[in-house]
Amino acid sequence: MAWGEQKTDQNMDRKDAVDKWVHSTCNLCSIGCGCEIAVKDGKIAGVRGNKDHSINLGRLDPKAEYQWQPNNSPDRLLHPLIRNNQGNLEKATWEEAMDLMVQKAKEVIQKNGGDGVAIYSTGQGFLEDYYTIAKIGRAGIGTHLLDANTRLCTATTEWCLLESFGSDGVPASFEDVDIADTIMLFGHNPAETGSVFFERIMERKKRTGKPYLIVVDPRETLTAKEADLHLALKPATNVALMNGLIREIIDQGRLDKEFIGEHTVQFDEMKASVEEWTLEKTSRETGIEVEMLRMAAEQLGQTESLVSTTLQGAFQSSDATAACVAINNLHLMRGLIGKPGSGPLHMAGQPSSSGNRTVGGVGTYPGNRNPENPEHLREIAELWNVEESSLAVGPEKGIIKQIELMEKGQIGFFWNIHTNPLVSLPNLPRVKSAMEKAFVVVQDPFLTETTEVADIVLPPAMWGEKEGTMENADRTINLLRKAVEPPEGVKTDFEILLEFSRRMELEDKDGNPLVGYSTPEEAFEEWKQVSKGRPSDMSGMTYHLLEKKNGIRWPAPKDNPEGTVRLYEDGNFATTPEYCQSYGKDIVTGRPKTEKEFRSIQANGRAIFHPTHHMGSPEKPREEYPLWLNTGRLLWHWHTRTKTGRVADLDEKAPEAFVQLNKEDADALNIADGENVQVQSPRGAIQVPVKISKEVKQGEVFIPFHFGEWKNEKPANDLTGDVIDPLSHQPILKQSICRIEKTES
Ligand SMILES: Nc1nc2c(c(=O)[nH]1)N[C@H]1C(S)=C(S)[C@@H](COP(=O)(O)OP(=O)(O)OC[C@H]3O[C@@H](n4cnc5c(=O)[nH]c(N)nc54)[C@H](O)[C@@H]3O)O[C@H]1N2
Ligand SMILES: Nc1nc2c(c(=O)[nH]1)N[C@H]1C(S)=C(S)[C@@H](COP(=O)(O)OP(=O)(O)OC[C@H]3O[C@@H](n4cnc5c(=O)[nH]c(N)nc54)[C@H](O)[C@@H]3O)O[C@H]1N2
Ligand SMILES: [Mo]
């Protein structure tokens with residue numbers, strides 16, 4: 001379906017003839033835009049949007065147009081490094097680095113068992129890499145300590161979907177966005193963080209006046225400026241807001257009673273939990289006027305189609321899973337799910353964040369399997385030809401828990417693949433001292449803040465130099481072909497994983513190599529068998545078809561190889577006890593529920609309403625730290641800037657960190673625009689210039705988290721706290737507290 005005109009956004013090194021264009025997908029953000037890589041003389045020379053890809057019709061985000069430049073950066077690592085006795089990283093051969101890596105891993109496993117090893121990966125890699133991590137980790141090393149930066153990113157998507165629908169997999173897709181009467185962007189700033197997606201919404205809005213746009217964000221973001229209704233709630237009040245809106249909609253009798261009766265359970269429990277949330281009380285808690293709340297409830301109560309997106313303002317906020325479950329509740333009670341133009345669209349952030357959950361490279365089991373269900377484990381053991389007893393299972397442990405285990409010396413070997421935690425994790429002073437205790441392997445094309453604590457650094461091939469698939473935010477699997485040979489001296493992440501497995505002599509129960517495949521395509525073929533019959537069934541996909549169709553949404557079983565636009569169109573949810581991915585967790589405490597408890601709900605294919613309680617932020621501004629500290633993104637940078645900081649045009653647009661401060665607060669502190677200040681939190685302090693801005697309310701400040709120590713700056717995460725959501729274990733990166741002081745200089 002074409003949602004707009006085709007275009008071809010591009011950025012090229014040279015305009016003269018290129019040798020070839022190679023099919024690929026943008027590697028920045030979760031929208032999954034199709035693109036083609038220009039190759040000239042064996043090198044990447046540019047990129048252009050793929051105008052035939054239905055997700056972007058040739059458009060690219062401004063950053064995305066430059067994403068090929070870091071590949072050619074002169075400071076790329078072209079050989080491994082090993083830390084020597086003097087504490088310095090020293091050039092090494094692959095042979096030496098892999099030997100040492102395997103020797104250390106074996107030592108740690110001997111001493112602490114498989115769980116002495118943790119693999120911390122990414123949402124920016126390929127499904128084939130993640131699947132291999134799952135196999136090596138679960139069945140080879142025997143560790144259940146698999147996690148990724150996806151914990152900071154989209155762990156809450158997973159948990160809110162498991163709670164409400166029984167399985168991961170976002171119900172709506174981008175095609176629903178094109179026809180929805182109303183779109184609610186909840187803690188989501190796509191004008192800066194998914195600009196092609198935002199263009200897609202705004203082009204229709206300019207043409208037709210639709211959709212009605214509700215934006216929920218404490219800041220007046222670029223997205224909020226375009227909204228019909230901007231609900232600028234106080235930080236950490238997402239659940240209070242949703243409860244108030246849901247109560248009002250119930251009061252107005254705007255319920256799809258037939259849908260509730262046939263396709264859901266526990267409506268009354270949910271209803272009881274919102275009883276106290278009158279509009280007046282909701283207004284006091286959220287700071288939004290009653291009249292505005294009434295308008296929002298009116299719109300959400302009468303709209304005939306609704307897509308709700310959530311992103312980090314929901315996932316990294318207090319009561320994260322509960323807020324997203326409340327949004328699911330809203331869709332269920334109005335029957336706005338599994339229908340054209342309707343459904344929750346809990347987003348992903350990184351280009352393949354959801355893919356890691358799908359194939360089991362993180363706390364999940366491959367193919368949305370339930371580790372508490374012996375039958376599911378038996379299936380995996382059979383598919384992998386290993387003893388069931390050799391599969392590592394254990395309570396899911398997110399990265400914050402792993403940091404604790406490192407502090408206690410229980411994780412001796414930490415393998416960090418494609419992420420830069422010493423900028424991106426909260427409470428960095430603590431993380432750094434924890435990581436210093438373990439033997440750390442870092443796989444990164446550049447020296448970073450994290451390589452500072454590495455014992456071995458392995459240089460990988462980058463985007464465009466390798467082949468594999470990624471999963472975007474709406475279940476679309478895209479193929480990325482290899483455009484050029486990687487530079488001499490590096491190996492792909494996939495090759496490194498295979499080499500590790502071979503050297504560790506990981507075997508199946510017949511003594512054959514555990515990892516029997518040798519190319520990404522072979523890995524994908526094996527994964528397809530594992531996915532068969534499960535929610536994320538990909539058995540009808542092939543590399544050839546993925547390229548030809550420009551992406552396919554799962555499920556795409558053999559009899560439906562073109563894939564599935566939206567889930568649950570038949571009103572059947574993934575909640576039968578035999579099929580579900582999880583028995584769920586207690587919505588307040590996060591305690592995992594037993595099979596018996598799950599069975600007692602008698603969902604059996606119906607969606608589950610949950611009560612939602614507003615608990616608020618564990619930290620609240622107080623005399624010593626009177627300001628809320630919010631952190632997030634800018635249009636021009638990608639995360640810790642290892643790519644965008646190497647592109648002059650982008651770096652110039654946003655060269656340094658800053659703190660956004662409201663005029664009244666600045667005046668009260670006698671601080672001028674541009675003045676350097678000290679931002680102090682209970683964890684640490686950083687110095688940054690002030691940007692006086694109307695975008696933040698009085699009492700709230702915002703700092704972009706992109707800036708680490710690389711260019712002599714101090715990261716925002718020196719300030720943030722590491723409290724986690726009880727269900728998803730995602731840290732609350734959006735609500736910390738701080739004070740601002742004038743500096744001497
Ligand atoms: N330019 C750019 N784009 C990116 C990325 C990037 O680094 N740069 N990263 C990608 C990734 S991995 C991700 S996860 C996404 C993230 O994309 P977004 O989630 O859109 O971006 P953020 O800036 O992290 O946070 C979104 C908003 O949450 C708001 N917020 C803070 N507290 C609250 C609250 O209590 N309630 C509500 N409702 N909102 C609140 C913030 O003010 C902020 O505007 O972006 C992706 N796209
Ligand atoms: N305060 C605060 N903190 C946050 C957030 C926030 O909003 N506020 N957002 C959180 C979120 S949502 C996210 S997703 C994280 C992101 O945080 P990170 O994942 O830590 O950030 P990136 O800069 O994307 O790190 C990716 C690393 O992989 C390297 N790399 C690039 N290509 C390859 C490759 O092909 N192979 C390998 N092995 N390495 C490669 C890059 O050089 C880089 O060092 O940050 C989180 N932290
Ligand atoms: Mo993210």
# chains A, B, ... in the order shown; residues from 1 in each chain; ligands from 1
$ residues_near_ligand --ligand "ligand 3" --cutoff "6 Å" --atoms "only C-alpha atoms and all ligand atoms" --output "ChimeraX atom specification"
/A:153,349-350
$ write_last_selection --atoms "N, CA, C and O atoms" --output "PDB file, in the first residue's frame"
ATOM      1  N   CYS A 153      15.926  -0.803  26.427  1.00  0.00           N
ATOM      2  CA  CYS A 153      15.261  -0.302  25.222  1.00  0.00           C
ATOM      3  C   CYS A 153      13.821  -0.811  25.166  1.00  0.00           C
ATOM      4  O   CYS A 153      12.889  -0.018  25.314  1.00  0.00           O
ATOM      5  N   GLY A 349      13.213   0.404  19.619  1.00  0.00           N
ATOM      6  CA  GLY A 349      14.060   1.574  19.395  1.00  0.00           C
ATOM      7  C   GLY A 349      15.161   1.292  18.405  1.00  0.00           C
ATOM      8  O   GLY A 349      15.320   1.969  17.391  1.00  0.00           O
ATOM      9  N   GLN A 350      15.924   0.229  18.685  1.00  0.00           N
ATOM     10  CA  GLN A 350      17.049  -0.127  17.827  1.00  0.00           C
ATOM     11  C   GLN A 350      16.548  -0.914  16.608  1.00  0.00           C
ATOM     12  O   GLN A 350      15.457  -1.485  16.632  1.00  0.00           O
TER      13      GLN A 350
END
$ closest_atom_pairs --of "stretch 173-225 of chain A" --to "stretch 31-37 of chain A" --cutoff "9 Å" --atoms "only C-alpha atoms" --output "CSV"
residue,atom,partner,partner_atom,distance
A:Gly194,CA,A:Ile31,CA,6.6
A:Val196,CA,A:Ile31,CA,7.7
A:Phe197,CA,A:Ile31,CA,6.8
$ select_by_dssp --residues "stretch 224-401 of chain A" --states "strand (DSSP E or B)" --output "PyMOL selection string"
chain A and resi 229-231+264-265+306-310+343-346+365+369
$ residues_near_ligand --ligand "ligand 2" --cutoff "6 Å" --atoms "only C-alpha atoms and all ligand atoms" --output "ChimeraX atom specification"
/A:149,152-153,350,417-421,424-425,443-446,460-463,493,631-632,639-642,705,716-717,733
$ closest_atom_pairs --of "chain A" --to "ligand 1" --cutoff "7 Å" --atoms "only C-alpha atoms and all ligand atoms" --output "CSV"
residue,atom,partner,partner_atom_place_in_ligand_line,distance
A:Leu28,CA,ligand 1,47 (N),7.0
A:Cys29,CA,ligand 1,47 (N),4.5
A:Ser30,CA,ligand 1,46 (C),6.4
A:Cys153,CA,ligand 1,14 (S),4.8
A:Thr154,CA,ligand 1,14 (S),7.0
A:Phe186,CA,ligand 1,38 (N),5.2
A:Gly187,CA,ligand 1,39 (N),3.5
A:His188,CA,ligand 1,20 (O),3.7
A:Asn189,CA,ligand 1,20 (O),3.6
A:Pro190,CA,ligand 1,20 (O),5.1
A:Glu192,CA,ligand 1,1 (N),5.2
A:Thr193,CA,ligand 1,3 (N),3.3
A:Gly194,CA,ligand 1,47 (N),5.4
A:Val216,CA,ligand 1,38 (N),4.7
A:Asp217,CA,ligand 1,39 (N),4.0
A:Pro218,CA,ligand 1,42 (O),5.5
A:Arg219,CA,ligand 1,42 (O),4.9
A:Thr221,CA,ligand 1,44 (O),5.9
A:Leu233,CA,ligand 1,36 (N),6.7
A:Lys234,CA,ligand 1,35 (O),6.5
A:Pro235,CA,ligand 1,35 (O),3.7
A:Ala236,CA,ligand 1,35 (O),4.0
A:Thr237,CA,ligand 1,35 (O),5.9
A:Asn238,CA,ligand 1,36 (N),5.5
A:Leu311,CA,ligand 1,19 (O),4.2
A:Gln312,CA,ligand 1,19 (O),3.6
A:Gly313,CA,ligand 1,28 (O),3.2
A:Ala314,CA,ligand 1,38 (N),5.5
A:Ser317,CA,ligand 1,35 (O),5.4
A:Ala348,CA,ligand 1,14 (S),6.1
A:Gly349,CA,ligand 1,13 (C),3.3
A:Gln350,CA,ligand 1,12 (S),3.9
A:Asn630,CA,ligand 1,31 (C),5.7
A:Thr631,CA,ligand 1,23 (O),6.8
A:Gly632,CA,ligand 1,23 (O),3.5
A:Arg633,CA,ligand 1,23 (O),3.9
A:Leu634,CA,ligand 1,1 (N),5.0
A:Leu635,CA,ligand 1,1 (N),3.6
A:Trp636,CA,ligand 1,1 (N),5.3
A:His637,CA,ligand 1,8 (N),4.9
A:Trp638,CA,ligand 1,7 (O),3.7
A:His639,CA,ligand 1,7 (O),3.8
A:Lys734,CA,ligand 1,32 (N),5.0
A:Gln735,CA,ligand 1,32 (N),6.5
$ closest_atom_pairs --of "stretch 175-274 of chain A" --to "stretch 593-602 of chain A" --cutoff "12 Å" --atoms "only C-alpha atoms" --output "JSON lines"
{"residue": "A:His263", "atom": "CA", "partner": "A:Gln602", "partner_atom": "CA", "distance": 11.7}
{"residue": "A:Thr264", "atom": "CA", "partner": "A:Gln602", "partner_atom": "CA", "distance": 10.0}
{"residue": "A:Val265", "atom": "CA", "partner": "A:Ile601", "partner_atom": "CA", "distance": 7.5}
{"residue": "A:Gln266", "atom": "CA", "partner": "A:Ile601", "partner_atom": "CA", "distance": 7.9}
{"residue": "A:Phe267", "atom": "CA", "partner": "A:Ile601", "partner_atom": "CA", "distance": 11.7}
{"residue": "A:Glu269", "atom": "CA", "partner": "A:Ile601", "partner_atom": "CA", "distance": 11.6}
$ write_last_selection --atoms "C-alpha atoms" --output "PDB file, in the first residue's frame"
ATOM      1  CA  HIS A 263     -12.521 -12.168  23.982  1.00  0.00           C
ATOM      2  CA  THR A 264     -11.291 -11.023  27.380  1.00  0.00           C
ATOM      3  CA  VAL A 265     -11.120 -11.925  31.070  1.00  0.00           C
ATOM      4  CA  GLN A 266     -10.756  -9.912  34.296  1.00  0.00           C
ATOM      5  CA  PHE A 267     -12.507  -6.748  33.130  1.00  0.00           C
ATOM      6  CA  GLU A 269     -10.684  -6.411  38.349  1.00  0.00           C
TER       7      GLU A 269
END
$ atom_distance --atom1 "atom CA of A:Gly169" --atom2 "atom CA of A:Asn368"
9.0 Å
$ atom_distance --atom1 "atom CA of A:Ser389" --atom2 "atom CA of A:Pro520"
28.0 Å
$ residues_around --residues "A:Thr282" --least-positions-apart "6" --cutoff "7 Å" --atoms "only C-alpha atoms" --output "MDAnalysis selection string"
chainID A and resid 240:241 244
$ decode --residues "stretch 4-17 of chain A" --atoms "N, CA, C and O atoms" --output "tab-separated table (two decimals), in the first residue's frame"
chain	number	residue	atom	x	y	z
A	4	GLY	N	2.32	7.41	0.30
A	4	GLY	CA	2.81	8.73	-0.13
A	4	GLY	C	3.54	8.60	-1.44
A	4	GLY	O	3.55	7.55	-2.08
A	5	GLU	N	4.14	9.71	-1.83
A	5	GLU	CA	4.94	9.74	-3.06
A	5	GLU	C	6.26	9.01	-2.83
A	5	GLU	O	6.80	9.07	-1.73
A	6	GLN	N	6.77	8.39	-3.88
A	6	GLN	CA	8.11	7.83	-3.76
A	6	GLN	C	9.14	8.94	-3.88
A	6	GLN	O	8.93	9.93	-4.60
A	7	LYS	N	10.24	8.78	-3.16
A	7	LYS	CA	11.33	9.76	-3.20
A	7	LYS	C	12.63	8.97	-3.21
A	7	LYS	O	12.60	7.76	-2.95
A	8	THR	N	13.76	9.62	-3.40
A	8	THR	CA	15.01	8.90	-3.16
A	8	THR	C	15.96	9.79	-2.38
A	8	THR	O	16.74	10.55	-2.96
A	9	ASP	N	15.90	9.72	-1.07
A	9	ASP	CA	16.86	10.45	-0.24
A	9	ASP	C	18.21	9.76	-0.38
A	9	ASP	O	18.28	8.53	-0.34
A	10	GLN	N	19.26	10.54	-0.52
A	10	GLN	CA	20.56	9.89	-0.65
A	10	GLN	C	21.70	10.78	-0.20
A	10	GLN	O	21.56	12.00	-0.09
A	11	ASN	N	22.82	10.14	0.07
A	11	ASN	CA	24.05	10.86	0.38
A	11	ASN	C	25.18	10.07	-0.24
A	11	ASN	O	25.31	8.87	-0.03
A	12	MET	N	25.98	10.77	-1.07
A	12	MET	CA	27.00	10.06	-1.84
A	12	MET	C	28.35	10.75	-1.71
A	12	MET	O	28.44	11.97	-1.62
A	13	ASP	N	29.37	9.91	-1.79
A	13	ASP	CA	30.73	10.41	-1.77
A	13	ASP	C	31.05	11.08	-3.10
A	13	ASP	O	31.70	12.09	-3.17
A	14	ARG	N	30.62	10.45	-4.13
A	14	ARG	CA	30.92	10.95	-5.48
A	14	ARG	C	29.71	10.69	-6.36
A	14	ARG	O	29.04	9.67	-6.25
A	15	LYS	N	29.46	11.62	-7.21
A	15	LYS	CA	28.24	11.52	-8.01
A	15	LYS	C	28.46	10.69	-9.29
A	15	LYS	O	27.53	10.30	-9.95
A	16	ASP	N	29.76	10.44	-9.64
A	16	ASP	CA	29.99	9.67	-10.86
A	16	ASP	C	29.56	8.22	-10.67
A	16	ASP	O	29.24	7.81	-9.56
A	17	ALA	N	29.55	7.49	-11.73
A	17	ALA	CA	28.97	6.15	-11.71
A	17	ALA	C	29.51	5.29	-10.57
A	17	ALA	O	30.70	5.23	-10.33
